[in-house]
Number of protein chains: 4
Amino acid sequence: MAGNSFGKAFKITTFGESHGKGIGTVIDGCPSGIPLSEEDFVKDMARRRPGRSSIDTPRSEADRVEILSGVFEGLTTGTPIALFIHNHDVRSEPYEILQELFRPGHADYTYFKKYGHFDFRGGGRSSARETAARVAAGVVARKVLAPLEMRITAYTLEMGGVRAEDIDLEAINTNPFYCPDKAAAHKMREVISKAKEEGDSIGGIVEVRVSGCPSGFGEPVFDKLDADLAKAVMSVGAVKGIEIGAGFEAARLKGSENNDPITPTGFKTNHAGGILGGISNGDDIMLRVAVKPIPSIMKDQETVDREGRPARLKLQGRFDTSAVPRIVPVLEAMVAIVLADHYLRSRRYGVVE
Amino acid sequence: MAGNSFGKAFKITTFGESHGKGIGTVIDGCPSGIPLSEEDFVKDMARRRPGRSSIDTPRSEADRVEILSGVFEGLTTGTPIALFIHNHDVRSEPYEILQELFRPGHADYTYFKKYGHFDFRGGGRSSARETAARVAAGVVARKVLAPLEMRITAYTLEMGGVRAEDIDLEAINTNPFYCPDKAAAHKMREVISKAKEEGDSIGGIVEVRVSGCPSGFGEPVFDKLDADLAKAVMSVGAVKGIEIGAGFEAARLKGSENNDPITPTGFKTNHAGGILGGISNGDDIMLRVAVKPIPSIMKDQETVDREGRPARLKLQGRFDTSAVPRIVPVLEAMVAIVLADHYLRSRRYGVVE
Amino acid sequence: MAGNSFGKAFKITTFGESHGKGIGTVIDGCPSGIPLSEEDFVKDMARRRPGRSSIDTPRSEADRVEILSGVFEGLTTGTPIALFIHNHDVRSEPYEILQELFRPGHADYTYFKKYGHFDFRGGGRSSARETAARVAAGVVARKVLAPLEMRITAYTLEMGGVRAEDIDLEAINTNPFYCPDKAAAHKMREVISKAKEEGDSIGGIVEVRVSGCPSGFGEPVFDKLDADLAKAVMSVGAVKGIEIGAGFEAARLKGSENNDPITPTGFKTNHAGGILGGISNGDDIMLRVAVKPIPSIMKDQETVDREGRPARLKLQGRFDTSAVPRIVPVLEAMVAIVLADHYLRSRRYGVVE
Amino acid sequence: MAGNSFGKAFKITTFGESHGKGIGTVIDGCPSGIPLSEEDFVKDMARRRPGRSSIDTPRSEADRVEILSGVFEGLTTGTPIALFIHNHDVRSEPYEILQELFRPGHADYTYFKKYGHFDFRGGGRSSARETAARVAAGVVARKVLAPLEMRITAYTLEMGGVRAEDIDLEAINTNPFYCPDKAAAHKMREVISKAKEEGDSIGGIVEVRVSGCPSGFGEPVFDKLDADLAKAVMSVGAVKGIEIGAGFEAARLKGSENNDPITPTGFKTNHAGGILGGISNGDDIMLRVAVKPIPSIMKDQETVDREGRPARLKLQGRFDTSAVPRIVPVLEAMVAIVLADHYLRSRRYGVVE
């Protein structure tokens, strides 16, 4: 009811605030006997961590994931896996002004309206810091999916208007923008540097590709695989849109163009994005996600205080210039969580092996 | 777990197949004391019904909604409201070929893979006919929301490449395409006629606007209002994308352009689409939905049979040329259902009045 | 949230009132490919139906179960199975007095307090008639469990103070009280006749035994198998207590007496009632259920009207003298539903085969 | 699905094992603005803690509750409240034998069957230590209920065959058995000392009384208040039975004896235990819980090893002689959690004020 859980068979519940003790998650439904150690989280947490490049917020946290429960002698036990990431290096002073003024584009305004009392420091519960727990849960989700040998890959398709023309998955980790096109990555660096200089921020589009997902993931009607992916992705702060396969482009195609012909060796095209009637069809699952520019900017902005009186806000602190690179591992994690959930759900039918 | 329910406080469960006895829904969580009669459903069911224009499938069902439970002396009782819509005029013969061949772009293929045994007639459970139950549930959702005086309006923003330039809400019901721009509606008629002649189909984009939604709807983190809207909308067959507010366009804006300045009388712009941090901010909720062209076309298509052997498929029967006009009331219904759910969920906090 | 659903993997939602159009259930999560026809319900519905003996209410309904969805060509399809049982022979006149006065021991009082407006005729939603939907769902649950060859047997252990001393499962269906002891059944007939003459009612104790349940059903901590059984059973009207295995007697035993020694061929005793730590241990699952006397009696009773003024109530109509015999198939159904749910839940782990 | 969560509007998820890092809970759905500090937990945690008397296990943990999230400046924020209790003083050596042998009456056997791999130390996840998290959650539940001024009181009605004859709520905290009858408490001490000497254990019966619960808590059909109480209570390890109001005794009463007459000032008797049709009626909620003797005894027992070979087990370590006194605050907590959940659920209707 209160919205801090996601998934049915592989269910995660996250907790924690940006400037509280830390961020955590409880994973309920992970099968037993899966190898899991604190080291398994290091790589993904590092990919999400700020401070990877000059464009990120200078706050640098170790983001070490502590396993509080659910693992014994290096293997999961089928009981809840609680993970906790301590907050370090928390400087709340820059946020004191937020006790009075609402930041445009942020959740301060709506949290105040809904809860009356809320933790405004660094966005509190609505901070992107919460996604650290999602990335940690995503690591476990991938472990659940490991026997299926799927590959879930997210990358920056577009940032600040610069689009990757060439999709080379090998290039993704060669640049701090997770861009699959090295030339585009070069231009992205310029665009982001310029925005940073101006005290402004930029958005972008992330694409996620899942290879090797067997047919049969997804439930009919409401818990369609694409519907759950849409919810998972839209639940990440800064996301304003999602499309599956041809997406909005499909709205302009004719049926004869958009339908994917079926052949004995598979589908000839993939406008469907790997999903038909809400159930995976064995082809690559493809989705694209629109990410808005980070609302925290250094420019002077028009706002009101808690009493509704007009005010000017000029933020000071340390902010990312774009959510895009750091959101890439978060979106990968959310897609993995949805797939792990539907994998376990499908197993009750004995259909997916 | 099996995915045929939606919502938490206002929960709907739908059932039924295209060529079975009928389609129904059970609504659990509707408060008591709300006036409800079978007449209340007539208008919305008529808006969704095929046969409204020359572009729709000629199958014409009365689509009368029967109230099976939950209403006594004209008022809801707080107990489950079961609604049932009988299937009439069902001709299954045209579908017999589907026992052997998969229709490209349809769920036949994935249902066969997942369930082994499934009702292939007219798409069975995956048919758009299921949305009749959603529209019926949407009528009840609007009743729940009635004290708030919200207006939920969906309309065809684009169809077959023709875009409404002028948004005049008064014009929506003056044409069979639910298009808010009469001139565009005229062109849509031409485009759709041409596609029909060619035995082809077209897609489009539907926009939904909610006015009068108070601030405070939505839960943090996973059950964000926009996340639940994304799931609700993506769960409707033929939908391939959704964007909130500025949506994909936001990915190309700078923070200083995208942030909505706050003033004592409200937000100056509405790039956020009425939602901040997953919670409604009091401004209009705006979303756009990409609808693919209907996969049932009269053209010869490449496919396989159930044994995986190559085959050619040329459908015969009665099909809509576009899902767009008929999906408009369905999307309105899904948005109403999400809002009714979050309205009741918010009431446990006593915040929304 | 509103409480009309039960189960997670095998989920039932019931709807309907005693004097409305009928009673129904939607089952979500039943696997595909299971043979199911309307004939399958006849036997169990007949066991629950009133009019089996002189002790039951004379209202005699055919209670034919209509399958509205989810079955195609005689097999389940994995989509929701909606079942509907029409109400016939409904005489509401005797209930008109209930529009003014609350019946002691009934839900009229609390429904009025909670909902303000409610269907008072025959108890409306709180009527035992609702259990017809449970029995129907139980038939499907048994079909799901069929490959496991479990036996779920409920019987009257005690009624009106007469206790079955000899438990002969073969005797259960030889008498209208579902009593496993023919001699006790004879005495029960006398006791019940006497109560009926006096315009009074009696209660009893039902025992349920499940043989052949494999080890591994049940989840730790909250969804323990015994916890779910307790909820399922206590959710049936008239039930006031439940015990598992030795139950309340265990409270008086020493650990050395109550512990069941484990041997290579199984447990030596079964004080645990087949459940350890909330998970089935392979031994017979044993539970006992306390059923209160039916509150509808012909005697003059003290009550109040809706305005809280003192009043006298003397019911007239047709009532059972005891809920016990008719509750037996209902409890069997609820136990089957819990087991089907946990069977499907266990399958996601691949543990139960 | 995996069973480590309880509640819908006030939802708790517990995690942790007896000999792992600690025990915790995440509470989702607690309203904002409620005063909460770590000191608030001290009293209830102390009541549950071992070492209160000579009868308890000598393991003495501080059981300090750490608030990890959800509280800001001393008030709840409406976001998840994560609570953590570190395990200290954990000696795992005595449990090494359990790697080979199953303890009769414990969950070792079923956890091994279900999970293959499990944390056997001290019972791992199935240990009574898990209830520390429930007691902590119960503290928050009482805070939610505070405006209603309910009193939830549990006490030892019977232990080792000694029954409290006189119920004096003031006496409960004057003896280590939470017995409301001082004379009975004296006898309980003798009985428990004798059992301890013999290396044996004893069970008992706990009664819970809730005063001041308004009418209207509970949902019809499945989520009846008594059904949820039954599940909550039965989910506590060692519980083997529950009865509401007259309970099993009601099975032997006539309707004319069991019905509670209604008067302008309330109910004349309370056989119903404060619940009619699953909804609270405003009278005291009364329930009794059967607690089995602790299965960990010092006596020689018959069992098998993991390969199924016969073996003898003689436990050594530190065990309570009875679960009864320590289970009293746990049952109070579970009842508080159920009531907080139904309080918030009822508020969506605006019925309970």
# chains A, B, ... in the order shown; residues from 1 in each chain; ligands from 1
>>> interface_residues(of="chain D", to="chain C", cutoff="6 Å", atoms="only C-alpha atoms", output="MDAnalysis selection string")
chainID D and resid 2:4 104:105 107 110 114 160:161 200:204 216 219 221:223 227 230:231 234:235 240:244 247:248 250:252 254:255 259:264 276:277 279 281 290:295 302:304 308:310
>>> select_by_dssp(residues="segment 231-307 of chain C", states="strand (DSSP E)", output="PDB file with all heavy atoms, in the first residue's frame")
ATOM      1  N   VAL C 239     -16.898 -19.824  12.767  1.00  0.00           N
ATOM      2  CA  VAL C 239     -15.708 -20.457  13.351  1.00  0.00           C
ATOM      3  C   VAL C 239     -15.140 -19.551  14.453  1.00  0.00           C
ATOM      4  O   VAL C 239     -14.963 -18.358  14.262  1.00  0.00           O
ATOM      5  CB  VAL C 239     -14.631 -20.722  12.274  1.00  0.00           C
ATOM      6  CG1 VAL C 239     -13.323 -21.175  12.910  1.00  0.00           C
ATOM      7  CG2 VAL C 239     -15.138 -21.757  11.282  1.00  0.00           C
ATOM      8  N   LYS C 240     -14.900 -20.136  15.611  1.00  0.00           N
ATOM      9  CA  LYS C 240     -14.392 -19.362  16.753  1.00  0.00           C
ATOM     10  C   LYS C 240     -13.057 -19.874  17.270  1.00  0.00           C
ATOM     11  O   LYS C 240     -12.507 -19.304  18.223  1.00  0.00           O
ATOM     12  CB  LYS C 240     -15.411 -19.398  17.902  1.00  0.00           C
ATOM     13  CG  LYS C 240     -16.755 -18.777  17.592  1.00  0.00           C
ATOM     14  CD  LYS C 240     -16.675 -17.336  17.133  1.00  0.00           C
ATOM     15  CE  LYS C 240     -16.401 -16.367  18.249  1.00  0.00           C
ATOM     16  NZ  LYS C 240     -16.430 -14.947  17.728  1.00  0.00           N
ATOM     17  N   GLY C 241     -12.524 -20.948  16.688  1.00  0.00           N
ATOM     18  CA  GLY C 241     -11.245 -21.441  17.174  1.00  0.00           C
ATOM     19  C   GLY C 241     -10.658 -22.444  16.213  1.00  0.00           C
ATOM     20  O   GLY C 241     -11.366 -23.072  15.421  1.00  0.00           O
ATOM     21  N   ILE C 242      -9.329 -22.564  16.268  1.00  0.00           N
ATOM     22  CA  ILE C 242      -8.644 -23.562  15.459  1.00  0.00           C
ATOM     23  C   ILE C 242      -7.431 -24.048  16.228  1.00  0.00           C
ATOM     24  O   ILE C 242      -6.764 -23.274  16.915  1.00  0.00           O
ATOM     25  CB  ILE C 242      -8.196 -23.002  14.090  1.00  0.00           C
ATOM     26  CG1 ILE C 242      -7.343 -24.026  13.359  1.00  0.00           C
ATOM     27  CG2 ILE C 242      -7.477 -21.686  14.222  1.00  0.00           C
ATOM     28  CD1 ILE C 242      -6.966 -23.688  11.951  1.00  0.00           C
ATOM     29  N   GLU C 243      -7.171 -25.343  16.129  1.00  0.00           N
ATOM     30  CA  GLU C 243      -5.943 -25.872  16.707  1.00  0.00           C
ATOM     31  C   GLU C 243      -5.302 -26.837  15.722  1.00  0.00           C
ATOM     32  O   GLU C 243      -5.973 -27.505  14.943  1.00  0.00           O
ATOM     33  CB  GLU C 243      -6.184 -26.518  18.075  1.00  0.00           C
ATOM     34  CG  GLU C 243      -7.384 -27.427  18.171  1.00  0.00           C
ATOM     35  CD  GLU C 243      -7.579 -28.004  19.571  1.00  0.00           C
ATOM     36  OE1 GLU C 243      -7.063 -27.450  20.550  1.00  0.00           O
ATOM     37  OE2 GLU C 243      -8.245 -29.055  19.665  1.00  0.00           O
ATOM     38  N   ILE C 244      -3.983 -26.873  15.757  1.00  0.00           N
ATOM     39  CA  ILE C 244      -3.185 -27.712  14.865  1.00  0.00           C
ATOM     40  C   ILE C 244      -2.575 -28.836  15.697  1.00  0.00           C
ATOM     41  O   ILE C 244      -2.023 -28.571  16.769  1.00  0.00           O
ATOM     42  CB  ILE C 244      -2.036 -26.900  14.225  1.00  0.00           C
ATOM     43  CG1 ILE C 244      -2.552 -25.632  13.543  1.00  0.00           C
ATOM     44  CG2 ILE C 244      -1.208 -27.771  13.280  1.00  0.00           C
ATOM     45  CD1 ILE C 244      -3.204 -25.819  12.211  1.00  0.00           C
ATOM     46  N   ILE C 262      11.819 -38.654  15.725  1.00  0.00           N
ATOM     47  CA  ILE C 262      12.014 -38.868  14.289  1.00  0.00           C
ATOM     48  C   ILE C 262      12.723 -40.206  14.085  1.00  0.00           C
ATOM     49  O   ILE C 262      13.721 -40.490  14.750  1.00  0.00           O
ATOM     50  CB  ILE C 262      12.862 -37.736  13.663  1.00  0.00           C
ATOM     51  CG1 ILE C 262      12.409 -36.364  14.202  1.00  0.00           C
ATOM     52  CG2 ILE C 262      12.763 -37.774  12.140  1.00  0.00           C
ATOM     53  CD1 ILE C 262      13.235 -35.187  13.690  1.00  0.00           C
ATOM     54  N   THR C 263      12.205 -40.999  13.183  1.00  0.00           N
ATOM     55  CA  THR C 263      12.814 -42.293  12.877  1.00  0.00           C
ATOM     56  C   THR C 263      13.065 -42.363  11.368  1.00  0.00           C
ATOM     57  O   THR C 263      12.541 -41.545  10.610  1.00  0.00           O
ATOM     58  CB  THR C 263      11.886 -43.462  13.278  1.00  0.00           C
ATOM     59  OG1 THR C 263      10.852 -43.574  12.273  1.00  0.00           O
ATOM     60  CG2 THR C 263      11.250 -43.231  14.637  1.00  0.00           C
ATOM     61  N   GLY C 266       9.902 -42.155   9.513  1.00  0.00           N
ATOM     62  CA  GLY C 266       8.968 -41.056   9.762  1.00  0.00           C
ATOM     63  C   GLY C 266       8.867 -40.707  11.229  1.00  0.00           C
ATOM     64  O   GLY C 266       9.680 -41.143  12.038  1.00  0.00           O
ATOM     65  N   PHE C 267       7.852 -39.912  11.557  1.00  0.00           N
ATOM     66  CA  PHE C 267       7.670 -39.461  12.936  1.00  0.00           C
ATOM     67  C   PHE C 267       6.911 -40.518  13.715  1.00  0.00           C
ATOM     68  O   PHE C 267       5.969 -41.129  13.217  1.00  0.00           O
ATOM     69  CB  PHE C 267       6.916 -38.131  12.945  1.00  0.00           C
ATOM     70  CG  PHE C 267       7.679 -37.025  12.275  1.00  0.00           C
ATOM     71  CD1 PHE C 267       7.548 -36.788  10.910  1.00  0.00           C
ATOM     72  CD2 PHE C 267       8.565 -36.234  13.001  1.00  0.00           C
ATOM     73  CE1 PHE C 267       8.261 -35.784  10.292  1.00  0.00           C
ATOM     74  CE2 PHE C 267       9.293 -35.227  12.380  1.00  0.00           C
ATOM     75  CZ  PHE C 267       9.145 -35.006  11.023  1.00  0.00           C
ATOM     76  N   ILE C 275       3.146 -30.254  10.778  1.00  0.00           N
ATOM     77  CA  ILE C 275       3.761 -28.969  10.424  1.00  0.00           C
ATOM     78  C   ILE C 275       4.830 -28.610  11.450  1.00  0.00           C
ATOM     79  O   ILE C 275       4.559 -28.583  12.653  1.00  0.00           O
ATOM     80  CB  ILE C 275       2.687 -27.851  10.363  1.00  0.00           C
ATOM     81  CG1 ILE C 275       1.624 -28.193   9.313  1.00  0.00           C
ATOM     82  CG2 ILE C 275       3.331 -26.504  10.032  1.00  0.00           C
ATOM     83  CD1 ILE C 275       0.440 -27.245   9.293  1.00  0.00           C
ATOM     84  N   LEU C 276       6.038 -28.333  11.000  1.00  0.00           N
ATOM     85  CA  LEU C 276       7.132 -27.910  11.877  1.00  0.00           C
ATOM     86  C   LEU C 276       7.711 -26.607  11.340  1.00  0.00           C
ATOM     87  O   LEU C 276       8.080 -26.529  10.173  1.00  0.00           O
ATOM     88  CB  LEU C 276       8.239 -28.972  11.914  1.00  0.00           C
ATOM     89  CG  LEU C 276       7.965 -30.208  12.779  1.00  0.00           C
ATOM     90  CD1 LEU C 276       9.058 -31.244  12.559  1.00  0.00           C
ATOM     91  CD2 LEU C 276       7.886 -29.833  14.263  1.00  0.00           C
ATOM     92  N   ILE C 279       6.203 -25.335   8.112  1.00  0.00           N
ATOM     93  CA  ILE C 279       6.375 -26.055   6.848  1.00  0.00           C
ATOM     94  C   ILE C 279       5.954 -27.507   7.037  1.00  0.00           C
ATOM     95  O   ILE C 279       6.269 -28.119   8.058  1.00  0.00           O
ATOM     96  CB  ILE C 279       7.855 -25.953   6.386  1.00  0.00           C
ATOM     97  CG1 ILE C 279       8.223 -24.476   6.166  1.00  0.00           C
ATOM     98  CG2 ILE C 279       8.110 -26.776   5.140  1.00  0.00           C
ATOM     99  CD1 ILE C 279       9.700 -24.234   5.958  1.00  0.00           C
ATOM    100  N   SER C 280       5.231 -28.045   6.066  1.00  0.00           N
ATOM    101  CA  SER C 280       4.739 -29.424   6.184  1.00  0.00           C
ATOM    102  C   SER C 280       5.926 -30.382   6.302  1.00  0.00           C
ATOM    103  O   SER C 280       6.947 -30.218   5.652  1.00  0.00           O
ATOM    104  CB  SER C 280       3.892 -29.788   4.964  1.00  0.00           C
ATOM    105  OG  SER C 280       4.659 -29.727   3.784  1.00  0.00           O
ATOM    106  N   ILE C 285      -1.446 -33.779   8.074  1.00  0.00           N
ATOM    107  CA  ILE C 285      -1.801 -32.471   8.632  1.00  0.00           C
ATOM    108  C   ILE C 285      -3.137 -32.631   9.343  1.00  0.00           C
ATOM    109  O   ILE C 285      -4.100 -33.134   8.766  1.00  0.00           O
ATOM    110  CB  ILE C 285      -1.893 -31.403   7.521  1.00  0.00           C
ATOM    111  CG1 ILE C 285      -0.513 -31.218   6.879  1.00  0.00           C
ATOM    112  CG2 ILE C 285      -2.429 -30.093   8.060  1.00  0.00           C
ATOM    113  CD1 ILE C 285      -0.518 -30.404   5.609  1.00  0.00           C
ATOM    114  N   MET C 286      -3.177 -32.249  10.615  1.00  0.00           N
ATOM    115  CA  MET C 286      -4.378 -32.437  11.434  1.00  0.00           C
ATOM    116  C   MET C 286      -4.784 -31.094  12.030  1.00  0.00           C
ATOM    117  O   MET C 286      -3.980 -30.429  12.674  1.00  0.00           O
ATOM    118  CB  MET C 286      -4.072 -33.400  12.592  1.00  0.00           C
ATOM    119  CG  MET C 286      -3.659 -34.795  12.186  1.00  0.00           C
ATOM    120  SD  MET C 286      -5.030 -35.741  11.451  1.00  0.00           S
ATOM    121  CE  MET C 286      -6.198 -35.795  12.826  1.00  0.00           C
ATOM    122  N   LEU C 287      -6.054 -30.745  11.861  1.00  0.00           N
ATOM    123  CA  LEU C 287      -6.521 -29.532  12.532  1.00  0.00           C
ATOM    124  C   LEU C 287      -7.964 -29.697  12.979  1.00  0.00           C
ATOM    125  O   LEU C 287      -8.708 -30.499  12.420  1.00  0.00           O
ATOM    126  CB  LEU C 287      -6.354 -28.304  11.636  1.00  0.00           C
ATOM    127  CG  LEU C 287      -6.931 -28.301  10.234  1.00  0.00           C
ATOM    128  CD1 LEU C 287      -8.290 -27.598  10.230  1.00  0.00           C
ATOM    129  CD2 LEU C 287      -5.989 -27.562   9.294  1.00  0.00           C
ATOM    130  N   ARG C 288      -8.302 -28.968  14.016  1.00  0.00           N
ATOM    131  CA  ARG C 288      -9.661 -28.998  14.561  1.00  0.00           C
ATOM    132  C   ARG C 288     -10.215 -27.587  14.631  1.00  0.00           C
ATOM    133  O   ARG C 288      -9.483 -26.648  14.955  1.00  0.00           O
ATOM    134  CB  ARG C 288      -9.673 -29.617  15.965  1.00  0.00           C
ATOM    135  CG  ARG C 288      -9.836 -31.141  15.962  1.00  0.00           C
ATOM    136  CD  ARG C 288      -9.653 -31.714  17.344  1.00  0.00           C
ATOM    137  NE  ARG C 288      -8.410 -31.252  17.946  1.00  0.00           N
ATOM    138  CZ  ARG C 288      -7.196 -31.686  17.576  1.00  0.00           C
ATOM    139  NH1 ARG C 288      -7.061 -32.617  16.638  1.00  0.00           N
ATOM    140  NH2 ARG C 288      -6.131 -31.189  18.152  1.00  0.00           N
ATOM    141  N   VAL C 289     -11.506 -27.481  14.357  1.00  0.00           N
ATOM    142  CA  VAL C 289     -12.136 -26.176  14.199  1.00  0.00           C
ATOM    143  C   VAL C 289     -13.374 -26.088  15.080  1.00  0.00           C
ATOM    144  O   VAL C 289     -14.233 -26.974  15.023  1.00  0.00           O
ATOM    145  CB  VAL C 289     -12.538 -25.971  12.716  1.00  0.00           C
ATOM    146  CG1 VAL C 289     -13.179 -24.618  12.515  1.00  0.00           C
ATOM    147  CG2 VAL C 289     -11.333 -26.166  11.803  1.00  0.00           C
ATOM    148  N   ALA C 290     -13.462 -25.052  15.894  1.00  0.00           N
ATOM    149  CA  ALA C 290     -14.638 -24.839  16.752  1.00  0.00           C
ATOM    150  C   ALA C 290     -15.686 -24.027  16.002  1.00  0.00           C
ATOM    151  O   ALA C 290     -15.389 -22.950  15.481  1.00  0.00           O
ATOM    152  CB  ALA C 290     -14.230 -24.084  18.021  1.00  0.00           C
ATOM    153  N   VAL C 291     -16.905 -24.564  15.962  1.00  0.00           N
ATOM    154  CA  VAL C 291     -18.006 -23.910  15.241  1.00  0.00           C
ATOM    155  C   VAL C 291     -19.075 -23.509  16.248  1.00  0.00           C
ATOM    156  O   VAL C 291     -19.588 -24.354  16.980  1.00  0.00           O
ATOM    157  CB  VAL C 291     -18.595 -24.865  14.181  1.00  0.00           C
ATOM    158  CG1 VAL C 291     -19.721 -24.188  13.416  1.00  0.00           C
ATOM    159  CG2 VAL C 291     -17.502 -25.364  13.244  1.00  0.00           C
ATOM    160  N   GLN C 301     -35.426 -12.682  21.591  1.00  0.00           N
ATOM    161  CA  GLN C 301     -34.112 -12.175  21.986  1.00  0.00           C
ATOM    162  C   GLN C 301     -34.131 -10.666  22.213  1.00  0.00           C
ATOM    163  O   GLN C 301     -34.932  -9.944  21.633  1.00  0.00           O
ATOM    164  CB  GLN C 301     -33.081 -12.492  20.890  1.00  0.00           C
ATOM    165  CG  GLN C 301     -32.834 -13.971  20.681  1.00  0.00           C
ATOM    166  CD  GLN C 301     -31.710 -14.199  19.670  1.00  0.00           C
ATOM    167  OE1 GLN C 301     -30.549 -14.223  20.019  1.00  0.00           O
ATOM    168  NE2 GLN C 301     -32.079 -14.354  18.412  1.00  0.00           N
ATOM    169  N   GLU C 302     -33.174 -10.252  23.009  1.00  0.00           N
ATOM    170  CA  GLU C 302     -33.041  -8.845  23.357  1.00  0.00           C
ATOM    171  C   GLU C 302     -32.094  -8.174  22.356  1.00  0.00           C
ATOM    172  O   GLU C 302     -31.012  -8.682  22.076  1.00  0.00           O
ATOM    173  CB  GLU C 302     -32.436  -8.774  24.773  1.00  0.00           C
ATOM    174  CG  GLU C 302     -32.398  -7.388  25.364  1.00  0.00           C
ATOM    175  CD  GLU C 302     -31.917  -7.445  26.814  1.00  0.00           C
ATOM    176  OE1 GLU C 302     -31.747  -8.580  27.355  1.00  0.00           O
ATOM    177  OE2 GLU C 302     -31.684  -6.379  27.400  1.00  0.00           O
ATOM    178  N   THR C 303     -32.518  -7.044  21.810  1.00  0.00           N
ATOM    179  CA  THR C 303     -31.638  -6.348  20.868  1.00  0.00           C
ATOM    180  C   THR C 303     -31.976  -4.863  20.843  1.00  0.00           C
ATOM    181  O   THR C 303     -32.713  -4.375  21.720  1.00  0.00           O
ATOM    182  CB  THR C 303     -31.725  -6.965  19.454  1.00  0.00           C
ATOM    183  OG1 THR C 303     -30.724  -6.368  18.630  1.00  0.00           O
ATOM    184  CG2 THR C 303     -33.098  -6.755  18.823  1.00  0.00           C
ATOM    185  N   VAL C 304     -31.442  -4.147  19.863  1.00  0.00           N
ATOM    186  CA  VAL C 304     -31.760  -2.728  19.682  1.00  0.00           C
ATOM    187  C   VAL C 304     -32.086  -2.486  18.213  1.00  0.00           C
ATOM    188  O   VAL C 304     -31.755  -3.311  17.348  1.00  0.00           O
ATOM    189  CB  VAL C 304     -30.590  -1.808  20.112  1.00  0.00           C
ATOM    190  CG1 VAL C 304     -30.276  -1.990  21.598  1.00  0.00           C
ATOM    191  CG2 VAL C 304     -29.346  -2.080  19.270  1.00  0.00           C
TER     192      VAL C 304
END
>>> atom_distance(atom1="atom CA of Met45 of chain D", atom2="atom CA of Lys21 of chain A")
21.9 Å
>>> closest_residue(among="A:Gly70, A:Gly212, A:Gly317, A:Gly29", to="Met150 of chain A", atoms="only C-alpha atoms")
A:Gly212
>>> residues_around(residues="segment 164-170 of chain B", least_positions_apart="4", cutoff="6 Å", atoms="only C-alpha atoms", output="list in words")
Leu157, Pro180, Asp181 and Ala184 of chain B
>>> residues_around(residues="Val139 of chain C", least_positions_apart="4", cutoff="9 Å", atoms="only C-alpha atoms", output="VMD selection string")
chain C and resid 40 to 41 44 134 to 135 143 to 144 333 336 to 337
>>> atom_distance(atom1="atom CA of Pro80 of chain A", atom2="atom CA of Thr153 of chain A")
27.0 Å
>>> residues_around(residues="Leu145 of chain A", least_positions_apart="4", cutoff="8 Å", atoms="only C-alpha atoms", output="list of chain:residue names")
A:Ala141, A:Glu149, A:Met150, A:Leu339, A:Ala340, A:Tyr343
>>> closest_residue(among="B:Ala46, B:His117, B:Gly33, B:Lys194", to="Leu75 of chain C", atoms="only C-alpha atoms")
B:His117
>>> select_by_dssp(residues="segment 257-331 of chain D", states="helix (DSSP H, G or I)", output="VMD selection string")
chain D and resid 257 to 258 324 to 331
>>> closest_residue(among="D:Pro147, D:Arg306, D:Phe120, D:Leu68", to="Gly22 of chain A", atoms="only C-alpha atoms")
D:Leu68
